[in-house]
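> Could you have a look at this structure, given as structure tokens, before my questions?
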Protein chains: 4
Amino acid sequence: MSNVKKVVLAYSGGLDTSIILRWLEDTYGCEVVTFTADLGQGEELEPARAKAQAMGVKEIYIEDLREEFVRDYVFPMFRANTIYEGEYLLGTSIARPLIAKRLIEIANETGADAISHGATGKGNDQVRFELGAYALKPGVKVIAPWREWDLLSREKLMTYAEEHNIPVDFKKAGKKSPYSMDANLLHISYEGGILEDPWAEPEEDMWRWSVSPENAPNEPTYIELTYEKGDIVAIDGESLKAHEVLAKLNKLGGDNGIGRLDIVENRYVGMKSRGAYETPGGTIMMRAHRAIESITLDREVAHLKDSVMPKYAELIYNGYWWSPERQMLQTMIDESQSVVNGVVRVKLYKGNVTVVGRKSDDSLFDEKIATFEDDAGAYDQKDAEGFIKLNALRLRIAAQKGR
Amino acid sequence: MSNVKKVVLAYSGGLDTSIILRWLEDTYGCEVVTFTADLGQGEELEPARAKAQAMGVKEIYIEDLREEFVRDYVFPMFRANTIYEGEYLLGTSIARPLIAKRLIEIANETGADAISHGATGKGNDQVRFELGAYALKPGVKVIAPWREWDLLSREKLMTYAEEHNIPVDFKKAGKKSPYSMDANLLHISYEGGILEDPWAEPEEDMWRWSVSPENAPNEPTYIELTYEKGDIVAIDGESLKAHEVLAKLNKLGGDNGIGRLDIVENRYVGMKSRGAYETPGGTIMMRAHRAIESITLDREVAHLKDSVMPKYAELIYNGYWWSPERQMLQTMIDESQSVVNGVVRVKLYKGNVTVVGRKSDDSLFDEKIATFEDDAGAYDQKDAEGFIKLNALRLRIAAQKGR
Amino acid sequence: MSNVKKVVLAYSGGLDTSIILRWLEDTYGCEVVTFTADLGQGEELEPARAKAQAMGVKEIYIEDLREEFVRDYVFPMFRANTIYEGEYLLGTSIARPLIAKRLIEIANETGADAISHGATGKGNDQVRFELGAYALKPGVKVIAPWREWDLLSREKLMTYAEEHNIPVDFKKAGKKSPYSMDANLLHISYEGGILEDPWAEPEEDMWRWSVSPENAPNEPTYIELTYEKGDIVAIDGESLKAHEVLAKLNKLGGDNGIGRLDIVENRYVGMKSRGAYETPGGTIMMRAHRAIESITLDREVAHLKDSVMPKYAELIYNGYWWSPERQMLQTMIDESQSVVNGVVRVKLYKGNVTVVGRKSDDSLFDEKIATFEDDAGAYDQKDAEGFIKLNALRLRIAAQKGR
Amino acid sequence: MSNVKKVVLAYSGGLDTSIILRWLEDTYGCEVVTFTADLGQGEELEPARAKAQAMGVKEIYIEDLREEFVRDYVFPMFRANTIYEGEYLLGTSIARPLIAKRLIEIANETGADAISHGATGKGNDQVRFELGAYALKPGVKVIAPWREWDLLSREKLMTYAEEHNIPVDFKKAGKKSPYSMDANLLHISYEGGILEDPWAEPEEDMWRWSVSPENAPNEPTYIELTYEKGDIVAIDGESLKAHEVLAKLNKLGGDNGIGRLDIVENRYVGMKSRGAYETPGGTIMMRAHRAIESITLDREVAHLKDSVMPKYAELIYNGYWWSPERQMLQTMIDESQSVVNGVVRVKLYKGNVTVVGRKSDDSLFDEKIATFEDDAGAYDQKDAEGFIKLNALRLRIAAQKGR
């Protein structure tokens, strides 16, 4: 364990990563660089700086990555209408590749030979961090303390913190949430506690980002979302940066009781786990993106996208953002979005996201052809007979042969 | 046109199919057998009998197919979590194969050499009826009046009816809905009218099966759905037949403002069209089925199902229920459902369907392994290192080579 | 039929298209522009010019499209390792999009409002021509004489030719091959005649481009193929243009008895048909391309390509080259080929194409890791245990639950 | 290492597994049960019994599994036309699940708590053995000596053998092949040695099962293969058991220079490796099976099979035979084979396998429809126009909109 000289740690400023910080120094005799990022999780970053300084860290990276996160990770993912296992919008998964990338870039800048993170050995996040790190810097050493140390209970952690003079707010730690949580601009997640029983309903006071549908306003909210190349660029006509779009949709969605999800999912490491999620803005974006695609995309392009989506979602969930196959799929998905321009009108009401209008200069919807009224010859109904007869030919031959 | 002797007509008793009835007799000089089915569309069938009799039809088939419809068509489709283009639950599509089958069976019973239906030449239903018919009786003659005649406006139809003494209720016909509608136990659909403008929001009085979320009760309704082999067999512990399950869920869903959908979809004949749908029970079943699968299905089985689902949905939408490839996929899907047993608890509230609990004797959810607490060695976190290292190997080699 | 003013005809100079030429003039009273292309079919084009002139055609297009054909159609298709139904290299299919494109471009240049071709109503080629034409010029009128006229037997055609003074070489016509043939630089195909019995073996004298393996040289031929971005750019170190590559490989393959194929395939119009093909150069390219990819492509990229290939092949076979979904797939496939550079060594011998070596500066093959000898720690075998244990976890849990 | 009481070892009787036998006893202080199977590798089994006895083994299992191997593993795999990465017929992969199953069954019979095998930590076979073992007996302990011990060079192994009085034939060991080989009825494989350089051509004397095409007879051999439900049941009219079929085809193929393959493949553990294979009978079966399917399978069934084949091949290659997803796919594949009956005529000549005829009572090939001659109205060419027009509709609308 002596061959690590400097390690970049994904540092939140909380108890766990503060203990990891000290443990790395003690165990590896190495220098620690901390990296703390604002991905929209809704916490101040300066306390993390103060804590790192108090623990003697010399190289402290504190960064606001919100715009990059939404523009280069969240939005590209939504272009594919990405859903894991029919339900999950991948809020945690999509943040990890960016953190992995910055860990490695900082390692390169500071001459560090290792990175470290606070993810456990049971979850998906370790995989996402580490696959990204190895893909970007193949010789890097990864230290995952939860897989190495024996501080596997809350008591041992607290004792370790006390013995090593780690400046944590013990009162706050004592009132720790019963849930393991993660948040960024796309979502907040909850695991553990009573959620470990899949028959138990989450308690109302667990949810932090949204009111319940019951407590949402009695009047609906209507908004118009403007799309360019598959991304939202304006809300109600106001141009916004990517992260501003998502922040505003989170506010609108959360206020209207939108985006709660409670599922059992299959982790890449082989087990099932229960998770609860709030994804207010993402839930709105998902419906609205399908709506703008519904009038602008060719049918077969849309179906091809749908057929590769489960694979694409699996890649992101499993941590393969930085793989060549994800990038290859992204090329195809992005190619399809050049025509995905226009406006979607959405109604938000007590948990419901309802698309009520869509329009586009690139629309392929043709009223003249689709109409039930006289179409003035735009479509020759007699063509349908040949269409059906030839599509039926193989079925008829088979039936004639007694199949 | 003289070579048709007897034709079986899918007859609703309404104006359009009454005109078709007479037109077939006049144009082909053939005998007409009428077939009217109760698929749960919510209309009395006896008036259709009376009308057919009044028009001189000798062979009249009136049948209650509700149980067969839900048991053998709707439920198998829901086993696959089937959604077309990310949104549509295929309510119209799934009823057509059964009607096609009965048309052909009646043709065989009555010695008819042709079938006829009232679907237009622009839509999907003609394809679904006719592919089914050809697959089941390859030599059958199909007559699709809308593709043949010149009665292409409302006025011409009314004139024809008057001239041919067709006993329609003209007052009712005059107050005809502006929408083209279709209904069965799974859904009611609306097309045409102001829906032909995809930017226009449907009017509240269009919807027939559900209250709006705004008008739904202020108290949630909780229900428990019992699954056996992927199908719901009981609600709140009460055993029900397939169609009773769906009828009850329609009532529960409709009362709680659940199941409205407003989309632009891609028809098989090549155009985009706007459709509005109410699928109260189906919307509940979709969420609940995913929930029971989430604890009982193996991860890779679930992902494999997800990967073939778009294809399966496309087959049903396009009218290929009676094709060997649909049956081949069904074999695989049904095989997966033997373990899909258990109970799902669902909350219904103002348009929201929320899964709040799931349990099963066949659950693969293992609290001992998934727990954030001490797992007593059930899972060795150190295994994760090798897992990640080898999954990363190809990425590391590529990075070392400068990719 | 009076509304066609000028039609561009795909004209070979043979009897059938000469009859079509005259029939178009007679039937539609329109002017005919002829288009004859050299796609490497191995026939002189000047006789076609002379015949068109003799028949009074004023606008005659004769073009050498060999380079464009191979560079922009054949090579892109081979980047995907494209095979239809496990066997067929799509030699006919891939030529049609280029002909369709030139027909439309010439229509635009000459102010023609229609195009015409000599493909029958039973085959795939009509679909390929016409889907391309409609995609590139949606308002074009397509005239397919074989679907319209009543000249459905050889005798009627000959009578028509005689009556209309069509200058065909009747002696040659009398000795017509019993097979329907099509040729271009990628292949020559045979249909009809005794091939209509799938149990009958083709006669040796049917084959035109290759010697039989029995008659091939007793000494093998070794060649080295240099790849850049997935395309062959040199043979044995000599730089060649795309069509020169294919011409040379056809010669080498044909001389060595390579590339014969005899299959029953499924046409898009719904029937099965027997076809025999000679694709000497293409058969070599297929094996060699897989070989250069085997050392340069990432595993998952290669597998993703393999998973979409059947769809891509189907699109080309069915005539959807000019569709947005084919172009979308092409974007992804081309993206993957930037690293497909290097040299493949191939042995040709009596029908066999054997890859005997492959090398590349972009190789991901790593002898240090793959070796059975001591690898000096490049790979830690202990990682495999964790890899297997976690991949097995879901299987173990299922087994423990009694599955 | 003390908690293993009895281990079942996959024992070949060779040097390596004899050393493992002794090493297990020494290292774990456990009893060893040996299991040696005849899978058609072409070696006598009795010497293995003698050696095991000489080393003091009390429970010795020697079994002829050839019929089960081909009937329940090889044949089901060939029903799917299974090829890994476009080339490899999975000869090694398909044998491992059966060995894993017998190891576990013997462990259950003998009360053993562990299994062991001689596969290295770099290869696929360890994964295949162990995934199977864990799926069938989730609590089993697996001992993979190559991942544990330090006997990583030939010298160390020989020294260990000498020190532990292992009765190996040192002379034979000294003349050991430079290749790592594996054989069963489906194939023989070669890795290592000069093959570690992918540019080097294998030496002629490496190949053991086939003559070279150069040395094959100058006269072709014709055979007729009779299929029932997708499996070969007779050759030239002689009914044979599954393993007899494969043995005979190996002889016929090997004599005619058929079935050699030389590739670089992607291992599941993340590296590329060079392999050479002889699969004479399998190569014949692959071509013949496609041929019988070509006349008996519906087009869309065949295409659906093709679309899932790469996934199915990957599952077998990666060791997931005993997974629920492989079994789910198998259900679908087997379902498709009920109509795959008939006879295929094949010509074997100097490395070439040429299908020259196929016939079946279940044929869907319809000469009356496919013919170039007059079809007496079996197919209405005019249907093609509507078929094309509607398939083109979306392309035309897009073009009209300026796409």
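All residue names refer to the structure tokens as shown: chains lettered A, B, ... in order, residues numbered from 1 in each chain, ligands numbered from 1 in order.
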Taking only C-alpha atoms into account and nothing else, which residues of chain C lie no more than 10 Å away from chain B? Please answer as a ChimeraX atom specification.

/C:296-300,339,361-366,369,379-391,393-395,397-403

> Quick one: residues within 12 Å of range 147-153 of chain C, only C-alpha atoms, excluding same-chain residues fewer than 4 positions away - as a VMD selection string?

(chain C and resid 1 16 19 to 20 23 to 24 26 to 28 116 to 123 126 142 to 143 157 to 161) or (chain D and resid 372 to 377 379 to 386)

> I need the chosen residues saved as a short mmCIF file (atom, residue, chain, number, x, y, z; two decimals), in the first residue's frame, with N, CA, C and O atoms.


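As written to disk, result-v9.cif reads:
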```cif
data_model
loop_
_atom_site.label_atom_id
_atom_site.label_comp_id
_atom_site.auth_asym_id
_atom_site.auth_seq_id
_atom_site.Cartn_x
_atom_site.Cartn_y
_atom_site.Cartn_z
N MET C 1 -53.86 8.65 -68.98
CA MET C 1 -52.43 8.39 -69.24
C MET C 1 -51.81 9.53 -70.05
O MET C 1 -50.72 9.40 -70.56
N ASP C 16 -35.96 -6.00 -74.10
CA ASP C 16 -37.06 -5.63 -73.21
C ASP C 16 -37.17 -4.12 -73.04
O ASP C 16 -38.25 -3.54 -73.17
N ILE C 19 -38.41 -2.38 -76.17
CA ILE C 19 -39.87 -2.47 -76.29
C ILE C 19 -40.54 -1.48 -75.36
O ILE C 19 -41.49 -0.78 -75.73
N ILE C 20 -40.03 -1.40 -74.12
CA ILE C 20 -40.60 -0.44 -73.17
C ILE C 20 -40.50 0.98 -73.73
O ILE C 20 -41.44 1.77 -73.62
N TRP C 23 -43.16 1.40 -76.23
CA TRP C 23 -44.46 1.29 -75.57
C TRP C 23 -44.79 2.57 -74.79
O TRP C 23 -45.93 3.02 -74.76
N LEU C 24 -43.79 3.15 -74.16
CA LEU C 24 -44.02 4.40 -73.43
C LEU C 24 -44.46 5.51 -74.38
O LEU C 24 -45.41 6.25 -74.10
N ASP C 26 -45.85 5.15 -77.30
CA ASP C 26 -47.17 4.84 -77.84
C ASP C 26 -48.28 5.03 -76.81
O ASP C 26 -49.34 5.56 -77.09
N THR C 27 -48.01 4.54 -75.63
CA THR C 27 -49.07 4.50 -74.62
C THR C 27 -49.30 5.86 -73.97
O THR C 27 -50.44 6.26 -73.72
N TYR C 28 -48.21 6.54 -73.68
CA TYR C 28 -48.34 7.81 -72.96
C TYR C 28 -48.18 9.03 -73.87
O TYR C 28 -48.37 10.16 -73.43
N SER C 116 -39.16 5.47 -65.63
CA SER C 116 -39.65 4.14 -65.94
C SER C 116 -38.50 3.14 -65.86
O SER C 116 -37.33 3.50 -66.04
N HIS C 117 -38.84 1.91 -65.61
CA HIS C 117 -37.82 0.85 -65.48
C HIS C 117 -38.39 -0.47 -65.98
O HIS C 117 -39.62 -0.60 -66.14
N GLY C 118 -37.54 -1.44 -66.19
CA GLY C 118 -37.96 -2.71 -66.74
C GLY C 118 -38.11 -3.83 -65.73
O GLY C 118 -38.13 -5.00 -66.11
N ALA C 119 -38.23 -3.48 -64.45
CA ALA C 119 -38.36 -4.52 -63.43
C ALA C 119 -39.80 -5.02 -63.38
O ALA C 119 -40.75 -4.26 -63.55
N THR C 120 -39.95 -6.30 -63.07
CA THR C 120 -41.29 -6.89 -63.04
C THR C 120 -42.01 -6.56 -61.74
O THR C 120 -41.42 -6.05 -60.80
N GLY C 121 -43.29 -6.92 -61.72
CA GLY C 121 -44.11 -6.65 -60.55
C GLY C 121 -43.98 -7.70 -59.46
O GLY C 121 -44.65 -7.61 -58.43
N LYS C 122 -43.13 -8.68 -59.67
CA LYS C 122 -42.97 -9.74 -58.68
C LYS C 122 -41.70 -9.60 -57.84
O LYS C 122 -41.53 -10.31 -56.85
N GLY C 123 -40.82 -8.73 -58.28
CA GLY C 123 -39.49 -8.75 -57.70
C GLY C 123 -39.23 -7.63 -56.71
O GLY C 123 -40.10 -6.82 -56.41
N GLN C 126 -38.28 -3.44 -58.52
CA GLN C 126 -39.28 -2.38 -58.65
C GLN C 126 -39.38 -1.57 -57.36
O GLN C 126 -39.47 -0.34 -57.39
N VAL C 142 -44.15 7.29 -61.60
CA VAL C 142 -43.36 6.11 -61.92
C VAL C 142 -44.16 5.20 -62.84
O VAL C 142 -45.31 4.88 -62.54
N ILE C 143 -43.57 4.83 -63.96
CA ILE C 143 -44.25 3.91 -64.88
C ILE C 143 -43.50 2.58 -64.89
O ILE C 143 -42.32 2.52 -65.22
N LEU C 157 -44.20 -10.28 -76.66
CA LEU C 157 -43.14 -9.28 -76.72
C LEU C 157 -42.52 -9.24 -78.12
O LEU C 157 -42.31 -8.17 -78.70
N MET C 158 -42.24 -10.42 -78.66
CA MET C 158 -41.61 -10.49 -79.99
C MET C 158 -42.53 -9.91 -81.06
O MET C 158 -42.10 -9.18 -81.95
N THR C 159 -43.80 -10.25 -80.93
CA THR C 159 -44.76 -9.71 -81.89
C THR C 159 -44.80 -8.18 -81.81
O THR C 159 -44.78 -7.48 -82.83
N TYR C 160 -44.82 -7.70 -80.60
CA TYR C 160 -44.86 -6.24 -80.41
C TYR C 160 -43.62 -5.59 -81.02
O TYR C 160 -43.71 -4.57 -81.71
N ALA C 161 -42.48 -6.21 -80.80
CA ALA C 161 -41.22 -5.66 -81.33
C ALA C 161 -41.28 -5.61 -82.86
O ALA C 161 -40.91 -4.61 -83.49
N PHE D 372 -40.98 -16.96 -63.30
CA PHE D 372 -40.89 -15.91 -64.31
C PHE D 372 -41.87 -16.19 -65.46
O PHE D 372 -42.12 -15.34 -66.28
N GLU D 373 -42.36 -17.39 -65.52
CA GLU D 373 -43.32 -17.74 -66.56
C GLU D 373 -44.70 -17.26 -66.13
O GLU D 373 -44.89 -16.72 -65.04
N ASP D 374 -45.67 -17.50 -66.95
CA ASP D 374 -47.05 -17.15 -66.66
C ASP D 374 -47.51 -17.87 -65.39
O ASP D 374 -47.39 -19.08 -65.28
N ASP D 375 -48.03 -17.14 -64.44
CA ASP D 375 -48.41 -17.76 -63.16
C ASP D 375 -49.91 -17.97 -63.03
O ASP D 375 -50.40 -18.28 -61.94
N ALA D 376 -50.61 -17.79 -64.13
CA ALA D 376 -52.06 -18.05 -64.15
C ALA D 376 -52.80 -17.27 -63.06
O ALA D 376 -53.76 -17.77 -62.46
N GLY D 377 -52.32 -16.07 -62.77
CA GLY D 377 -53.04 -15.21 -61.84
C GLY D 377 -52.79 -15.46 -60.37
O GLY D 377 -53.44 -14.88 -59.51
N TYR D 379 -50.50 -14.44 -58.64
CA TYR D 379 -49.97 -13.20 -58.03
C TYR D 379 -50.39 -12.05 -58.92
O TYR D 379 -50.20 -12.11 -60.14
N ASP D 380 -50.99 -11.03 -58.34
CA ASP D 380 -51.44 -9.89 -59.13
C ASP D 380 -50.38 -8.79 -59.06
O ASP D 380 -50.21 -8.14 -58.04
N GLN D 381 -49.66 -8.62 -60.18
CA GLN D 381 -48.56 -7.66 -60.19
C GLN D 381 -49.03 -6.25 -59.84
O GLN D 381 -48.25 -5.43 -59.36
N LYS D 382 -50.30 -5.97 -60.09
CA LYS D 382 -50.77 -4.61 -59.79
C LYS D 382 -50.77 -4.31 -58.31
O LYS D 382 -50.74 -3.15 -57.89
N ASP D 383 -50.84 -5.35 -57.47
CA ASP D 383 -50.77 -5.13 -56.03
C ASP D 383 -49.48 -4.42 -55.63
O ASP D 383 -49.44 -3.72 -54.62
N ALA D 384 -48.44 -4.64 -56.42
CA ALA D 384 -47.14 -4.08 -56.05
C ALA D 384 -47.17 -2.56 -56.03
O ALA D 384 -46.47 -1.92 -55.24
N GLU D 385 -47.99 -1.96 -56.87
CA GLU D 385 -48.00 -0.50 -56.91
C GLU D 385 -48.47 0.10 -55.59
O GLU D 385 -47.82 0.98 -55.02
N GLY D 386 -49.56 -0.42 -55.07
CA GLY D 386 -50.06 0.09 -53.80
C GLY D 386 -49.08 -0.21 -52.67
O GLY D 386 -48.86 0.62 -51.78
#
```

> Measure the distance from CA of Leu261 in chain D to CA of Pro213 in chain C in Å and round it to one decimal.

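Pair CA of Leu261 in chain D / CA of Pro213 in chain C returns 19.0 Å.
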
> At a cut-off of 9 Å, using only C-alpha atoms, what residues contact Glu68 in chain C? Leave out same-chain residues fewer than 6 positions from it and give the result as a PyMOL selection string.

chain C and resi 39+98+242-243

> To one decimal in Å, tell me the separation between CA of Arg208 in chain D and CA of Tyr222 in chain D.

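If I compute the distance from CA of Arg208 in chain D to CA of Tyr222 in chain D, I get 23.5 Å.
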
> Give the answer as one residue: which of A:Leu329, A:Ala48, A:Leu90, A:Ile316 has the shortest atom-to-atom distance to Pro167 in chain A, using only C-alpha atoms?

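Under the stated criterion, the closest residue is A:Ala48.
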
> So how many Å separate CA of Ala10 in chain D and CA of Pro145 in chain D, to one decimal?

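Distance between the two atoms: 12.1 Å.
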
> Which residues come within 8 Å of Lys350 in chain D, counting only C-alpha atoms, excluding same-chain residues fewer than 2 positions away, as a list in words?

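Counting only C-alpha atoms, the residues come to Lys350 of chain C; Ser212, Pro213, Glu214, Asn215, Ala216, Pro217, Asn218, Pro220, Asn256, Gly257, Ile258, Leu348 and Asn352 of chain D.
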
> How would the residues just chosen look if you wrote them out with C-alpha atoms as a short mmCIF file (atom, residue, chain, number, x, y, z; two decimals), in the first residue's frame?


```cif
data_model
loop_
_atom_site.label_atom_id
_atom_site.label_comp_id
_atom_site.auth_asym_id
_atom_site.auth_seq_id
_atom_site.Cartn_x
_atom_site.Cartn_y
_atom_site.Cartn_z
CA LYS C 350 -10.05 -23.40 -55.08
CA SER D 212 -5.73 -29.30 -46.11
CA PRO D 213 -7.90 -28.42 -49.12
CA GLU D 214 -4.74 -29.03 -51.16
CA ASN D 215 -4.55 -32.61 -49.93
CA ALA D 216 -8.25 -33.37 -50.14
CA PRO D 217 -9.60 -35.71 -52.84
CA ASN D 218 -9.99 -34.43 -56.37
CA PRO D 220 -16.40 -34.16 -54.71
CA ASN D 256 -12.54 -33.03 -47.68
CA GLY D 257 -10.52 -30.26 -46.06
CA ILE D 258 -13.54 -28.60 -44.49
CA LEU D 348 -18.14 -31.35 -50.22
CA ASN D 352 -16.01 -26.03 -49.86
#
```

> Write out as a ChimeraX atom specification all residues of range 219-330 of chain B that backbone DSSP assigns to alpha helix (DSSP H).

/B:242-255,280-296,299-318,324-330

> How about saving the chosen residues, C-alpha atoms kept, as an mmCIF file, in the first residue's frame?


```cif
data_model
loop_
_atom_site.group_PDB
_atom_site.id
_atom_site.type_symbol
_atom_site.label_atom_id
_atom_site.label_comp_id
_atom_site.auth_asym_id
_atom_site.auth_seq_id
_atom_site.Cartn_x
_atom_site.Cartn_y
_atom_site.Cartn_z
ATOM 1 C CA ALA B 242 -60.192 -11.533 -16.957
ATOM 2 C CA HIS B 243 -62.861 -9.198 -18.297
ATOM 3 C CA GLU B 244 -64.204 -8.550 -14.825
ATOM 4 C CA VAL B 245 -60.729 -7.475 -13.741
ATOM 5 C CA LEU B 246 -60.505 -5.002 -16.572
ATOM 6 C CA ALA B 247 -64.027 -3.710 -16.125
ATOM 7 C CA LYS B 248 -63.402 -3.090 -12.453
ATOM 8 C CA LEU B 249 -60.075 -1.377 -13.086
ATOM 9 C CA ASN B 250 -61.732 0.791 -15.729
ATOM 10 C CA LYS B 251 -64.268 1.899 -13.159
ATOM 11 C CA LEU B 252 -61.617 2.549 -10.503
ATOM 12 C CA GLY B 253 -59.335 4.292 -12.947
ATOM 13 C CA GLY B 254 -62.021 6.341 -14.621
ATOM 14 C CA ASP B 255 -63.337 7.527 -11.284
ATOM 15 C CA PRO B 280 -58.084 3.660 -17.297
ATOM 16 C CA GLY B 281 -57.670 -0.002 -16.424
ATOM 17 C CA GLY B 282 -54.827 -0.588 -18.844
ATOM 18 C CA THR B 283 -52.854 2.289 -17.380
ATOM 19 C CA ILE B 284 -53.125 0.735 -13.950
ATOM 20 C CA MET B 285 -52.226 -2.730 -15.268
ATOM 21 C CA MET B 286 -49.113 -1.456 -17.051
ATOM 22 C CA ARG B 287 -47.603 0.043 -13.895
ATOM 23 C CA ALA B 288 -48.631 -2.836 -11.692
ATOM 24 C CA HIS B 289 -47.290 -5.490 -14.046
ATOM 25 C CA ARG B 290 -43.879 -3.850 -14.176
ATOM 26 C CA ALA B 291 -43.941 -3.741 -10.377
ATOM 27 C CA ILE B 292 -44.647 -7.434 -9.918
ATOM 28 C CA GLU B 293 -42.024 -8.258 -12.511
ATOM 29 C CA SER B 294 -39.529 -6.009 -10.742
ATOM 30 C CA ILE B 295 -39.284 -8.421 -7.821
ATOM 31 C CA THR B 296 -39.892 -11.738 -9.598
ATOM 32 C CA ARG B 299 -32.597 -8.995 -14.540
ATOM 33 C CA GLU B 300 -31.515 -10.333 -17.898
ATOM 34 C CA VAL B 301 -34.905 -11.864 -18.594
ATOM 35 C CA ALA B 302 -36.484 -8.496 -17.901
ATOM 36 C CA HIS B 303 -33.971 -6.716 -20.135
ATOM 37 C CA LEU B 304 -34.458 -9.229 -22.923
ATOM 38 C CA LYS B 305 -38.202 -8.661 -22.711
ATOM 39 C CA ASP B 306 -37.631 -4.919 -22.869
ATOM 40 C CA SER B 307 -35.416 -5.300 -25.916
ATOM 41 C CA VAL B 308 -38.013 -7.202 -27.938
ATOM 42 C CA MET B 309 -41.003 -5.213 -26.707
ATOM 43 C CA PRO B 310 -40.850 -2.456 -29.347
ATOM 44 C CA LYS B 311 -40.883 -5.109 -32.061
ATOM 45 C CA TYR B 312 -43.762 -6.934 -30.422
ATOM 46 C CA ALA B 313 -45.726 -3.695 -30.060
ATOM 47 C CA GLU B 314 -45.086 -2.848 -33.688
ATOM 48 C CA LEU B 315 -46.371 -6.248 -34.775
ATOM 49 C CA ILE B 316 -49.630 -5.758 -32.904
ATOM 50 C CA TYR B 317 -50.041 -2.161 -34.027
ATOM 51 C CA ASN B 318 -49.412 -3.119 -37.646
ATOM 52 C CA PRO B 324 -45.828 -16.699 -36.880
ATOM 53 C CA GLU B 325 -43.329 -14.117 -35.648
ATOM 54 C CA ARG B 326 -45.828 -12.671 -33.144
ATOM 55 C CA GLN B 327 -46.635 -16.159 -31.948
ATOM 56 C CA MET B 328 -42.938 -16.949 -31.653
ATOM 57 C CA LEU B 329 -42.354 -13.877 -29.497
ATOM 58 C CA GLN B 330 -45.420 -14.734 -27.438
#
```

> From a DSSP pass on the backbone, collect the residues of range 68-139 of chain B flagged as strand (DSSP E or B) and hand them back as a list in words.

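The strand (DSSP E or B) subset of range 68-139 of chain B is Tyr84, Tyr88, Ala114, Ile115 and Ser116 of chain B.
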
> Excluding Ser177 in chain C and its own-chain neighbours fewer than 6 positions away, which residues fall within 12 Å of it when counting only C-alpha atoms? Please give them as a ChimeraX atom specification.

/C:190-194,205-208

> Might you pull out every residue within 9 Å of Asp113 in chain C, with only C-alpha atoms counted and same-chain residues fewer than 2 positions away left off, and present them as a PyMOL selection string?

chain C and resi 4-8+107-108+111+115+139-142
